[in-house]
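**Student:** Provided herewith: upload-v6.csv, CSV, C-alpha atoms and all ligand atoms.
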```
chain,number,residue,atom,x,y,z
S,1,MET,CA,72.4,-27.1,-54.2
S,2,LYS,CA,70.4,-24.8,-52.0
S,3,ILE,CA,70.4,-26.7,-48.9
S,4,LEU,CA,70.4,-23.9,-46.4
S,5,ARG,CA,67.9,-21.2,-46.3
S,6,PHE,CA,70.7,-18.7,-45.9
S,7,THR,CA,71.7,-19.2,-49.4
S,8,PHE,CA,68.7,-17.1,-50.4
S,9,LEU,CA,70.0,-14.2,-48.3
S,10,SER,CA,72.4,-11.5,-49.5
S,11,LYS,CA,75.6,-10.6,-47.6
S,12,LYS,CA,73.9,-7.6,-46.0
S,13,GLN,CA,71.0,-9.6,-44.8
S,14,ILE,CA,73.3,-12.2,-43.2
S,15,ILE,CA,75.2,-9.5,-41.3
S,16,PHE,CA,71.9,-8.0,-40.1
S,17,VAL,CA,70.7,-11.4,-38.9
S,18,PHE,CA,74.0,-12.1,-37.2
S,19,LEU,CA,73.9,-8.7,-35.4
S,20,TYR,CA,70.3,-9.2,-34.4
S,21,LEU,CA,71.1,-12.6,-33.0
S,22,LEU,CA,74.1,-11.2,-31.1
S,23,ILE,CA,72.1,-8.4,-29.6
S,24,SER,CA,69.0,-10.4,-28.8
S,25,GLY,CA,71.2,-13.0,-27.3
S,26,CYS,CA,72.8,-10.5,-24.9
S,27,SER,CA,69.6,-9.2,-23.5
S,28,LYS,CA,67.3,-12.2,-23.6
S,29,GLN,CA,64.8,-11.2,-20.9
S,30,LYS,CA,62.8,-8.0,-21.0
S,31,LYS,CA,63.0,-5.9,-17.8
S,32,ILE,CA,60.0,-6.5,-15.7
S,33,GLU,CA,58.5,-3.7,-13.5
S,34,GLN,CA,56.8,-4.8,-10.4
S,35,PRO,CA,53.6,-2.9,-9.3
S,36,VAL,CA,55.2,-2.2,-5.8
S,37,ALA,CA,58.9,-1.3,-5.1
S,38,TYR,CA,59.3,-4.3,-2.9
S,39,ASN,CA,62.4,-4.5,-0.7
S,40,HIS,CA,63.5,-8.1,-0.1
S,41,ALA,CA,66.5,-7.1,2.1
S,42,ILE,CA,64.4,-5.4,4.7
S,43,HIS,CA,62.0,-8.2,5.0
S,44,VAL,CA,64.8,-10.7,5.5
S,45,SER,CA,67.1,-8.8,7.7
S,46,GLU,CA,64.7,-6.7,9.8
S,47,ALA,CA,61.5,-8.7,9.8
S,48,GLY,CA,63.4,-12.0,9.9
S,49,LEU,CA,61.4,-13.6,7.2
S,50,ASP,CA,62.5,-16.6,5.2
S,51,CYS,CA,61.8,-17.1,1.4
S,52,ILE,CA,59.1,-19.7,2.1
S,53,ASP,CA,57.2,-17.5,4.5
S,54,CYS,CA,55.8,-15.5,1.6
S,55,HIS,CA,56.5,-17.8,-1.3
S,56,THR,CA,54.4,-20.5,0.3
S,57,GLY,CA,54.0,-23.8,-1.3
S,58,VAL,CA,57.5,-24.2,-2.8
S,59,GLU,CA,58.0,-27.1,-0.3
S,60,LYS,CA,54.6,-28.6,-0.7
S,61,LYS,CA,53.5,-28.0,-4.3
S,62,MET,CA,54.7,-28.6,-7.7
S,63,TYR,CA,54.3,-25.0,-8.7
S,64,ALA,CA,55.8,-22.0,-6.9
S,65,SER,CA,53.6,-19.1,-6.0
S,66,LEU,CA,53.8,-15.3,-5.6
S,67,PRO,CA,52.5,-14.0,-2.3
S,68,SER,CA,48.8,-13.4,-1.9
S,69,ILE,CA,47.5,-10.3,-0.1
S,70,LYS,CA,46.7,-12.5,2.9
S,71,ARG,CA,50.4,-12.9,3.5
S,72,CYS,CA,50.9,-9.1,3.4
S,73,LYS,CA,48.0,-8.7,5.7
S,74,SER,CA,49.6,-10.4,8.6
S,75,CYS,CA,51.9,-7.4,9.0
S,76,HIS,CA,50.7,-4.6,6.8
S,77,SER,CA,47.2,-3.8,7.9
S,78,ILE,CA,48.8,-0.8,9.5
S,79,MET,CA,51.9,1.1,8.4
S,80,GLN,CA,55.1,-0.4,9.8
S,81,GLY,CA,57.4,2.3,8.3
S,82,GLU,CA,57.0,5.4,6.2
S,83,SER,CA,57.7,4.4,2.6
S,84,ALA,CA,55.4,5.2,-0.3
S,85,ALA,CA,55.7,1.5,-1.4
S,86,GLU,CA,54.3,0.3,1.9
S,87,ALA,CA,51.4,2.7,1.7
S,88,LEU,CA,50.4,1.0,-1.5
S,89,VAL,CA,50.5,-2.4,0.2
S,90,VAL,CA,48.5,-1.1,3.2
S,91,GLU,CA,45.9,0.3,0.9
S,92,ALA,CA,45.7,-3.0,-1.0
S,93,VAL,CA,45.4,-4.9,2.2
S,94,ASN,CA,42.6,-2.7,3.5
S,95,ASN,CA,40.7,-2.9,0.3
S,96,ASN,CA,41.4,-6.6,0.1
S,97,VAL,CA,42.7,-6.6,-3.5
S,98,GLU,CA,45.6,-8.7,-4.8
S,99,ILE,CA,48.8,-7.0,-5.8
S,100,PRO,CA,49.5,-8.1,-9.4
S,101,TRP,CA,53.1,-9.3,-8.9
S,102,LYS,CA,54.7,-10.3,-12.1
S,103,PRO,CA,56.5,-13.6,-12.3
S,104,ILE,CA,60.2,-13.4,-13.4
S,105,TYR,CA,60.8,-17.0,-13.7
S,106,GLU,CA,58.5,-18.7,-16.2
S,107,LEU,CA,59.4,-22.0,-17.8
S,108,GLU,CA,58.3,-23.0,-21.2
S,109,ASP,CA,55.3,-25.3,-21.3
S,110,TYR,CA,57.4,-28.2,-22.6
S,111,VAL,CA,59.3,-28.4,-19.3
S,112,PHE,CA,58.1,-30.4,-16.3
S,113,PHE,CA,59.5,-28.8,-13.2
S,114,SER,CA,58.4,-29.6,-9.6
S,115,HIS,CA,59.4,-27.1,-7.0
S,116,ARG,CA,58.8,-29.4,-4.1
S,117,ARG,CA,61.0,-32.1,-5.7
S,118,HIS,CA,63.9,-29.7,-5.8
S,119,VAL,CA,63.4,-27.8,-2.6
S,120,LYS,CA,62.2,-30.6,-0.3
S,121,SER,CA,63.6,-33.8,-1.8
S,122,GLY,CA,66.6,-32.3,-3.5
S,123,LYS,CA,67.3,-29.9,-0.6
S,124,ILE,CA,68.5,-27.2,-3.0
S,125,SER,CA,68.6,-23.7,-1.5
S,126,CYS,CA,66.5,-21.1,-3.3
S,127,ALA,CA,69.7,-19.1,-4.2
S,128,VAL,CA,71.0,-21.8,-6.4
S,129,CYS,CA,68.4,-21.0,-9.1
S,130,HIS,CA,67.2,-17.6,-8.0
S,131,GLY,CA,70.4,-15.8,-6.8
S,132,GLU,CA,70.8,-13.7,-3.7
S,133,VAL,CA,67.4,-12.2,-3.7
S,134,GLU,CA,67.6,-11.5,0.0
S,135,LYS,CA,70.2,-8.7,-0.6
S,136,LEU,CA,68.0,-6.8,-3.1
S,137,VAL,CA,66.6,-3.5,-1.9
S,138,LYS,CA,64.6,-3.1,-5.1
S,139,PRO,CA,62.4,-5.7,-6.7
S,140,PRO,CA,64.3,-7.8,-9.2
S,141,SER,CA,63.6,-6.8,-12.8
S,142,LYS,CA,65.1,-9.9,-14.4
S,143,GLN,CA,66.4,-13.3,-13.5
S,144,LEU,CA,69.5,-13.0,-11.3
S,145,VAL,CA,70.6,-16.5,-12.3
S,146,PRO,CA,69.4,-17.0,-15.9
S,147,ILE,CA,67.7,-20.3,-16.2
S,148,SER,CA,69.1,-22.5,-19.0
S,149,MET,CA,68.9,-26.2,-19.8
S,150,LYS,CA,72.7,-26.2,-19.6
S,151,GLY,CA,72.5,-25.3,-15.9
S,152,CYS,CA,69.8,-27.9,-15.2
S,153,LEU,CA,71.9,-30.6,-16.9
S,154,LYS,CA,75.1,-29.6,-15.0
S,155,CYS,CA,73.4,-29.8,-11.7
S,156,HIS,CA,71.7,-33.1,-12.5
S,157,ASP,CA,75.0,-34.5,-13.6
S,158,ASN,CA,76.8,-33.4,-10.4
S,159,LYS,CA,74.1,-34.9,-8.2
S,160,SER,CA,73.8,-38.1,-10.4
S,161,ILE,CA,70.2,-37.4,-11.2
S,162,SER,CA,68.8,-38.7,-14.4
S,163,ASN,CA,69.5,-36.6,-17.5
S,164,ASP,CA,67.0,-38.5,-19.6
S,165,CYS,CA,65.1,-36.1,-21.8
S,166,LEU,CA,61.7,-37.4,-20.6
S,167,THR,CA,62.7,-36.5,-17.0
S,168,CYS,CA,61.9,-32.9,-17.8
S,169,HIS,CA,60.3,-32.7,-21.2
S,170,VAL,CA,56.6,-33.3,-21.7
A,1,MET,CA,63.5,-50.2,-13.8
A,2,ALA,CA,59.9,-50.6,-14.8
A,3,LYS,CA,59.0,-51.8,-18.3
A,4,TRP,CA,55.7,-50.1,-19.0
A,5,GLY,CA,53.4,-51.9,-21.3
A,6,MET,CA,49.8,-52.6,-22.2
A,7,VAL,CA,47.5,-55.5,-22.9
A,8,ILE,CA,44.4,-54.8,-25.1
A,9,ASP,CA,41.7,-57.4,-25.0
A,10,LEU,CA,40.1,-57.5,-28.4
A,11,ASN,CA,37.2,-59.5,-27.0
A,12,LYS,CA,36.3,-56.5,-24.8
A,13,CYS,CA,36.9,-53.7,-27.2
A,14,THR,CA,33.7,-52.4,-28.7
A,15,GLY,CA,35.3,-49.8,-30.9
A,16,CYS,CA,33.5,-47.0,-29.0
A,17,GLY,CA,36.4,-44.6,-29.5
A,18,SER,CA,36.6,-43.5,-25.9
A,19,CYS,CA,40.4,-44.1,-25.8
A,20,VAL,CA,40.9,-42.1,-29.0
A,21,ASN,CA,39.0,-39.1,-27.7
A,22,SER,CA,40.4,-39.2,-24.2
A,23,CYS,CA,43.9,-39.3,-25.8
A,24,ARG,CA,43.1,-36.3,-27.9
A,25,MET,CA,41.9,-34.3,-24.9
A,26,GLU,CA,44.8,-35.4,-22.7
A,27,ASN,CA,47.5,-34.8,-25.1
A,28,ASN,CA,46.2,-31.7,-27.0
A,29,VAL,CA,46.1,-33.6,-30.3
A,30,PRO,CA,44.8,-31.2,-32.9
A,31,ASN,CA,42.0,-31.9,-35.4
A,32,VAL,CA,43.4,-31.0,-38.7
A,33,GLY,CA,40.1,-30.2,-40.5
A,34,ASP,CA,38.4,-31.7,-43.6
A,35,LYS,CA,40.9,-30.8,-46.3
A,36,ALA,CA,44.0,-32.0,-44.5
A,37,ALA,CA,42.2,-35.2,-43.4
A,38,GLN,CA,41.2,-35.9,-47.1
A,39,ALA,CA,44.9,-35.5,-48.0
A,40,GLY,CA,45.7,-38.2,-45.4
A,41,ARG,CA,47.2,-35.8,-42.9
A,42,THR,CA,45.2,-36.7,-39.8
A,43,MET,CA,46.9,-36.7,-36.4
A,44,ASP,CA,46.2,-39.8,-34.4
A,45,TRP,CA,48.1,-40.9,-31.3
A,46,MET,CA,45.6,-43.6,-30.7
A,47,GLN,CA,43.8,-45.0,-33.7
A,48,ILE,CA,41.2,-47.7,-34.1
A,49,ILE,CA,41.8,-50.1,-36.9
A,50,THR,CA,38.6,-51.9,-37.9
A,51,GLU,CA,38.7,-55.2,-39.7
A,52,TYR,CA,35.7,-56.8,-41.3
A,53,HIS,CA,35.7,-60.5,-41.9
A,54,GLY,CA,33.1,-62.4,-43.9
A,55,ASN,CA,30.1,-61.2,-45.9
A,56,TYR,CA,26.9,-59.6,-44.8
A,57,PRO,CA,25.0,-60.7,-42.8
A,58,ASN,CA,27.6,-62.9,-41.3
A,59,ILE,CA,30.2,-60.2,-40.6
A,60,ARG,CA,32.7,-60.4,-37.9
A,61,ILE,CA,34.2,-57.1,-36.9
A,62,VAL,CA,37.4,-56.7,-35.0
A,63,HIS,CA,38.4,-53.3,-33.6
A,64,ILE,CA,42.1,-52.9,-32.9
A,65,PRO,CA,43.1,-49.8,-30.9
A,66,ARG,CA,46.6,-48.8,-32.0
A,67,PRO,CA,48.8,-46.6,-29.8
A,68,CYS,CA,52.6,-46.3,-30.2
A,69,PHE,CA,53.8,-49.7,-29.1
A,70,GLN,CA,56.9,-48.3,-27.4
A,71,CYS,CA,58.9,-51.0,-29.0
A,72,ASN,CA,61.8,-52.4,-27.1
A,73,ASN,CA,63.8,-52.6,-30.3
A,74,PRO,CA,62.3,-49.5,-32.0
A,75,PRO,CA,63.2,-49.0,-35.7
A,76,CYS,CA,62.1,-45.4,-35.5
A,77,THR,CA,64.8,-44.3,-33.0
A,78,LYS,CA,67.6,-45.8,-35.0
A,79,VAL,CA,67.0,-43.6,-38.1
A,80,CYS,CA,66.7,-40.3,-36.3
A,81,PRO,CA,69.7,-38.1,-37.2
A,82,VAL,CA,69.3,-35.8,-34.2
A,83,HIS,CA,68.4,-38.1,-31.3
A,84,ALA,CA,64.9,-36.5,-31.1
A,85,THR,CA,63.3,-39.9,-30.6
A,86,PHE,CA,64.9,-42.5,-28.3
A,87,LEU,CA,64.2,-45.4,-26.0
A,88,ASN,CA,64.5,-44.2,-22.4
A,89,GLU,CA,65.4,-46.0,-19.2
A,90,ASP,CA,61.7,-46.6,-18.3
A,91,GLY,CA,61.2,-48.4,-21.6
A,92,LEU,CA,59.3,-45.4,-23.1
A,93,VAL,CA,60.1,-44.2,-26.6
A,94,GLY,CA,60.4,-40.4,-26.2
A,95,GLN,CA,59.8,-37.7,-28.8
A,96,ILE,CA,61.4,-34.3,-28.1
A,97,TYR,CA,59.6,-31.8,-30.4
A,98,GLN,CA,62.1,-29.0,-29.8
A,99,ARG,CA,64.8,-31.3,-31.1
A,100,CYS,CA,63.0,-32.8,-34.1
A,101,ILE,CA,64.0,-31.4,-37.4
A,102,GLY,CA,60.9,-32.8,-39.2
A,103,CYS,CA,62.8,-35.1,-41.6
A,104,ARG,CA,60.2,-37.8,-41.0
A,105,PHE,CA,62.6,-40.7,-41.3
A,106,CYS,CA,61.1,-42.1,-38.1
A,107,MET,CA,57.6,-42.1,-39.7
A,108,ALA,CA,58.9,-44.1,-42.6
A,109,ALA,CA,60.7,-46.5,-40.3
A,110,CYS,CA,57.7,-47.2,-38.0
A,111,PRO,CA,56.0,-50.3,-39.3
A,112,TYR,CA,52.8,-49.5,-37.4
A,113,SER,CA,52.3,-45.9,-38.7
A,114,ALA,CA,52.2,-44.7,-35.1
A,115,LYS,CA,53.7,-41.3,-35.8
A,116,SER,CA,52.1,-38.2,-37.3
A,117,PHE,CA,53.6,-35.1,-38.8
A,118,ASN,CA,52.4,-31.5,-38.1
A,119,TYR,CA,51.9,-30.3,-41.6
A,120,SER,CA,50.6,-27.0,-40.3
A,121,LYS,CA,50.5,-25.0,-37.1
A,122,PRO,CA,48.0,-26.7,-34.8
A,123,ASP,CA,44.9,-24.6,-34.9
A,124,PHE,CA,42.6,-25.0,-31.9
A,125,PRO,CA,39.2,-23.4,-32.1
A,126,GLU,CA,38.7,-20.7,-29.5
A,127,ALA,CA,36.4,-22.7,-27.4
A,128,TYR,CA,39.1,-25.4,-27.2
A,129,GLU,CA,41.7,-23.1,-25.7
A,130,LYS,CA,40.4,-23.4,-22.2
A,131,THR,CA,40.2,-27.2,-22.3
A,132,LEU,CA,43.8,-27.8,-23.4
A,133,ASN,CA,45.9,-29.8,-20.9
A,134,PRO,CA,48.6,-27.5,-19.4
A,135,ASP,CA,50.7,-30.6,-18.5
A,136,VAL,CA,51.4,-31.3,-22.2
A,137,THR,CA,53.0,-28.9,-24.6
A,138,ARG,CA,51.4,-27.9,-27.9
A,139,ARG,CA,53.5,-29.0,-30.8
A,140,MET,CA,54.6,-26.6,-33.5
A,141,ASN,CA,54.4,-27.2,-37.2
A,142,GLY,CA,57.2,-29.2,-38.8
A,143,VAL,CA,57.7,-31.8,-36.1
A,144,VAL,CA,56.6,-35.4,-35.6
A,145,GLU,CA,54.6,-36.5,-32.7
A,146,LYS,CA,53.2,-39.8,-31.4
A,147,CYS,CA,51.6,-41.5,-28.4
A,148,SER,CA,53.8,-41.0,-25.4
A,149,PHE,CA,52.1,-43.5,-23.0
A,150,CYS,CA,51.1,-40.2,-21.3
A,151,HIS,CA,54.5,-40.0,-19.8
A,152,HIS,CA,53.7,-36.6,-18.3
A,153,ARG,CA,51.5,-38.6,-16.0
A,154,LEU,CA,54.5,-40.7,-15.0
A,155,ALA,CA,56.5,-37.6,-14.2
A,156,ILE,CA,53.7,-36.3,-12.0
A,157,ALA,CA,53.1,-39.7,-10.4
A,158,LYS,CA,56.8,-40.0,-9.6
A,159,ASP,CA,56.8,-36.5,-8.1
A,160,VAL,CA,53.7,-37.3,-5.8
A,161,ALA,CA,55.3,-40.6,-4.7
A,162,ARG,CA,58.5,-38.9,-3.9
A,163,PHE,CA,56.7,-36.2,-2.0
A,164,GLU,CA,54.8,-38.7,0.0
A,165,GLU,CA,58.1,-40.7,0.6
A,166,ARG,CA,56.9,-43.9,-0.8
A,167,ASP,CA,57.6,-46.1,-3.9
A,168,LEU,CA,55.6,-45.6,-7.1
A,169,GLU,CA,52.6,-47.9,-7.1
A,170,GLU,CA,51.3,-49.5,-10.3
A,171,GLU,CA,48.0,-47.7,-10.3
A,172,ASP,CA,49.6,-44.3,-9.7
A,173,TYR,CA,50.5,-44.2,-13.4
A,174,GLN,CA,47.8,-44.9,-15.9
A,175,PRO,CA,47.5,-43.4,-19.4
A,176,ALA,CA,44.3,-41.6,-20.4
A,177,CYS,CA,43.2,-44.4,-22.8
A,178,SER,CA,43.3,-47.3,-20.2
A,179,GLU,CA,41.6,-45.0,-17.7
A,180,SER,CA,38.8,-44.1,-19.9
A,181,CYS,CA,38.0,-47.4,-21.5
A,182,PRO,CA,34.4,-48.3,-20.4
A,183,THR,CA,34.9,-52.0,-20.9
A,184,ASN,CA,38.3,-52.2,-19.3
A,185,ALA,CA,39.8,-53.6,-22.5
A,186,ILE,CA,43.1,-51.8,-21.9
A,187,THR,CA,45.2,-53.0,-19.0
A,188,PHE,CA,48.3,-50.9,-18.3
A,189,GLY,CA,51.2,-51.6,-16.0
A,190,ASP,CA,54.8,-52.8,-15.5
A,191,LEU,CA,55.4,-55.8,-17.6
A,192,ASP,CA,58.3,-56.8,-15.3
A,193,ASN,CA,56.1,-56.9,-12.2
A,194,PRO,CA,55.0,-60.6,-11.9
A,195,GLU,CA,52.2,-59.5,-9.4
A,196,HIS,CA,50.4,-57.2,-11.8
A,197,ARG,CA,47.5,-58.4,-13.8
A,198,VAL,CA,49.1,-57.0,-17.0
A,199,THR,CA,51.8,-59.7,-16.7
A,200,HIS,CA,49.2,-62.4,-16.2
A,201,LEU,CA,47.3,-61.2,-19.3
A,202,MET,CA,50.5,-60.9,-21.3
A,203,HIS,CA,51.2,-64.6,-20.8
A,204,SER,CA,47.7,-65.6,-21.8
A,205,ASN,CA,47.5,-68.1,-24.6
A,206,ARG,CA,45.4,-65.5,-26.5
A,207,ALA,CA,48.2,-63.0,-26.4
A,208,PHE,CA,50.0,-61.8,-29.6
A,209,ARG,CA,51.8,-58.7,-30.8
A,210,LEU,CA,51.4,-57.0,-34.2
A,211,GLU,CA,54.0,-57.9,-36.8
A,212,GLU,CA,56.0,-59.7,-34.1
A,213,GLU,CA,58.3,-61.3,-36.8
A,214,LEU,CA,59.8,-57.9,-37.5
A,215,GLY,CA,61.7,-58.1,-34.2
A,216,THR,CA,60.5,-54.7,-33.0
A,217,GLU,CA,59.4,-56.2,-29.6
A,218,PRO,CA,56.4,-54.0,-29.0
A,219,LYS,CA,55.3,-53.5,-25.4
A,220,VAL,CA,51.7,-53.6,-26.4
A,221,TYR,CA,50.1,-57.0,-26.4
A,222,TYR,CA,46.7,-58.0,-27.8
A,223,LEU,CA,44.4,-60.7,-26.7
A,224,LYS,CA,42.9,-62.4,-29.7
A,225,LYS,CA,39.2,-62.0,-30.4
A,226,GLU,CA,37.5,-65.4,-29.9
A,227,ASP,CA,34.3,-66.4,-31.6
A,228,LYS,CA,31.6,-67.0,-29.1
Q,301,LIG,S1,55.4,-48.3,-32.6
Q,301,LIG,FE1,56.5,-47.2,-34.2
Q,301,LIG,S2,56.8,-45.1,-33.3
Q,301,LIG,FE2,56.3,-46.5,-31.6
Q,301,LIG,S3,58.3,-47.3,-30.8
Q,301,LIG,FE3,57.6,-48.8,-32.3
Q,301,LIG,S4,58.5,-48.1,-34.3
Q,301,LIG,FE4,58.6,-46.3,-32.9
Q,302,LIG,S1,61.2,-36.5,-38.0
Q,302,LIG,FE1,62.2,-35.7,-36.1
Q,302,LIG,S2,62.1,-37.5,-34.6
Q,302,LIG,FE2,61.7,-38.3,-36.7
Q,302,LIG,S3,63.7,-38.9,-37.4
Q,302,LIG,FE3,63.4,-36.8,-38.2
Q,302,LIG,S4,64.3,-35.5,-36.6
Q,302,LIG,FE4,64.1,-37.6,-35.7
```
Let's see the structure in the file written out as structure tokens.
Ligand code: SF4
Ligand code: SF4

**Tutor:**
Amino acid sequence: MKILRFTFLSKKQIIFVFLYLLISGCSKQKKIEQPVAYNHAIHVSEAGLDCIDCHTGVEKKMYASLPSIKRCKSCHSIMQGESAAEALVVEAVNNNVEIPWKPIYELEDYVFFSHRRHVKSGKISCAVCHGEVEKLVKPPSKQLVPISMKGCLKCHDNKSISNDCLTCHV
Amino acid sequence: MAKWGMVIDLNKCTGCGSCVNSCRMENNVPNVGDKAAQAGRTMDWMQIITEYHGNYPNIRIVHIPRPCFQCNNPPCTKVCPVHATFLNEDGLVGQIYQRCIGCRFCMAACPYSAKSFNYSKPDFPEAYEKTLNPDVTRRMNGVVEKCSFCHHRLAIAKDVARFEERDLEEEDYQPACSESCPTNAITFGDLDNPEHRVTHLMHSNRAFRLEEELGTEPKVYYLKKEDK
């Protein structure tokens, strides 16, 4: 009986598939290059900013946001330092064009996730899901804390939040 | 816990199809095309069953809108080998597409033919792409789907209520069909709430449920069509 599709594969093909799965499993997310070499650490330690000062809306909206050029404008209409990265930001501010930041955390469309529910009602700190971004001098190129359903379920379990499938799956 | 349910007044339903179409738009239900439709492979979360009684010109027509009845004792969930369909704590019968292996046991078990199978990858015409609802995932081929009572709207309503630090109110959560019905034939609400009009209607002497004798305990009631 040929129940499994694998029965159609030769031994070599099975080894290949196995290796492919192994390798692709190790490096799930592609590295993402940001348009500007943003330094999180300097903004937090020297400028005294908090995550929500630039990632506005995480407390008020369902969806998170990447900073718009208006946020940058409040400090960077003139050079504050000497870096080449900042020069790019100042130029964008003066030309009033958005910087095309690339999202690193993107959930599948079958997941319902509300930021405000977790940040405001759940009082979960950003680092729980996003890692210690405030220590990074270079922009993150991949998720510091990889997001997985296992992690969601564990946290929901610990906090006695419903683990019903329909809580998150739409 | 709420027990979400629906009362459909057959006196008021004109068979206009508004519920069917709003459902399709809300839930990204694909049109399968002529060929598949002729093979009986249409996808319908909400379907209007039309019954004709009598002979022309004395015909009496009854339109019966049929969503998934979110049965309280659902036969469909009991046969699923992978727990992809289940009765949840809000009384909704969930369907998790990523979990479904497409065996279609549940389709065979549902006495109301409320479930549809994706025989092919849903193909949305280009012009459709921008009108798809981002709150509802698109299904892949090889999985079963059905009316969800628009439970994504419940998730959003709960989120808004929590943000505004209040309890969920009845009208916060309405599925697309009841919202769009021009004659208000569909009333939706918590069947456990004695204050809500859905509970009054449910206890009307015109109320009945389809195939009640099967013991599926549907949470969708109909109000019998009366001859005027
Ligand atoms: S109507 Fe059919 S699909 Fe819906 S819960 Fe009942 S048995 Fe399951
Ligand atoms: S078709 Fe999917 S949901 Fe239905 S019984 Fe099979 S695995 Fe379960």

**Student:** Have a look at CA of Pro65 in chain A and CA of Cys19 in chain A and let me know their distance in Å, one decimal.

**Tutor:** 8.1 Å

**Student:** Using only C-alpha atoms, can you tell me which of A:Ile48, A:Val136, A:Ala108, A:Ala114 comes closest to chain S?

**Tutor:**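 Between A:Ile48, A:Val136, A:Ala108, A:Ala114, the residue approaching chain S most closely is A:Val136.
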
**Student:** Work out how far CA of Phe112 in chain S is from CA of Ala64 in chain S, in Å to one decimal.

**Tutor:**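 Between CA of Ala64 in chain S and CA of Phe112 in chain S the gap works out to 12.8 Å.
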
**Student:** Between atom S4 of ligand LIG 301 (chain Q) and CA of Glu213 in chain A, what is the distance, to one decimal in Å?

**Tutor:**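 Taking atom S4 of ligand LIG 301 (chain Q) and CA of Glu213 in chain A, their separation equals 13.4 Å.
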
**Student:** In terms of the shortest atom-to-atom distance over all atoms listed in the file, which of A:Cys80, A:Leu87, A:Ala161, A:Ile186 is closest to ligand LIG 302 (chain Q)?

**Tutor:**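 Selected residue with least distance to ligand LIG 302 (chain Q): A:Cys80.
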
**Student:** Pick out the residues no farther than 9 Å from ligand LIG 301 (chain Q), counting only C-alpha atoms and all ligand atoms, and list them as an NGL selection string.

**Tutor:** :A and (66-77 or 85-87 or 92-94 or 106-107 or 109-115 or 145-148 or 216-220)

**Student:** Can you tell me which residues surround range 115-122 of chain S at a distance of at most 10 Å, considering only C-alpha atoms, apart from same-chain residues fewer than 4 positions away, and format the answer as JSON, numbers by chain?

**Tutor:** {"S": [57, 58, 59, 60, 61, 62, 63, 64, 65, 126, 159, 161], "A": [158, 159, 160, 162, 163, 165]}

**Student:** May I ask you to write as number ranges by chain all residues lying at most 7 Å from ligand LIG 302 (chain Q), with all atoms listed in the file counted?

**Tutor:** A: 76, 79-85, 95, 99-107, 143-144

**Student:** For a cut-off of 12 Å around (54.8, -3.4, 6.3), file coordinates, pick out all residues using all atoms listed in the file and list them as a PyMOL selection string.

**Tutor:** chain S and resi 38-40+42-43+46-47+69+71-93

**Student:** Please check the contacts: residues of chain S at most 6 Å away from chain A, using only C-alpha atoms, listed as a PyMOL selection string.

**Tutor:** chain S and resi 109-110+170

**Student:** List every protein, DNA or RNA residue with an atom no more than 8 Å from (63.3, -5.6, -2.6) in the file's coordinates, counting only C-alpha atoms, and format the result as a list in words.

**Tutor:** Ala37, Tyr38, Asn39, His40, Ala41, Ile42, Val133, Glu134, Lys135, Leu136, Val137, Lys138, Pro139 and Pro140 of chain S

**Student:** Compare S:Asn94, S:Ser141, S:Thr56, S:Ser45 by their minimum atom-to-atom distance to Glu33 in chain S, counting all atoms listed in the file, and give me the closest one.

**Tutor:**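 Smallest separation from Glu33 in chain S among the options: S:Ser141.
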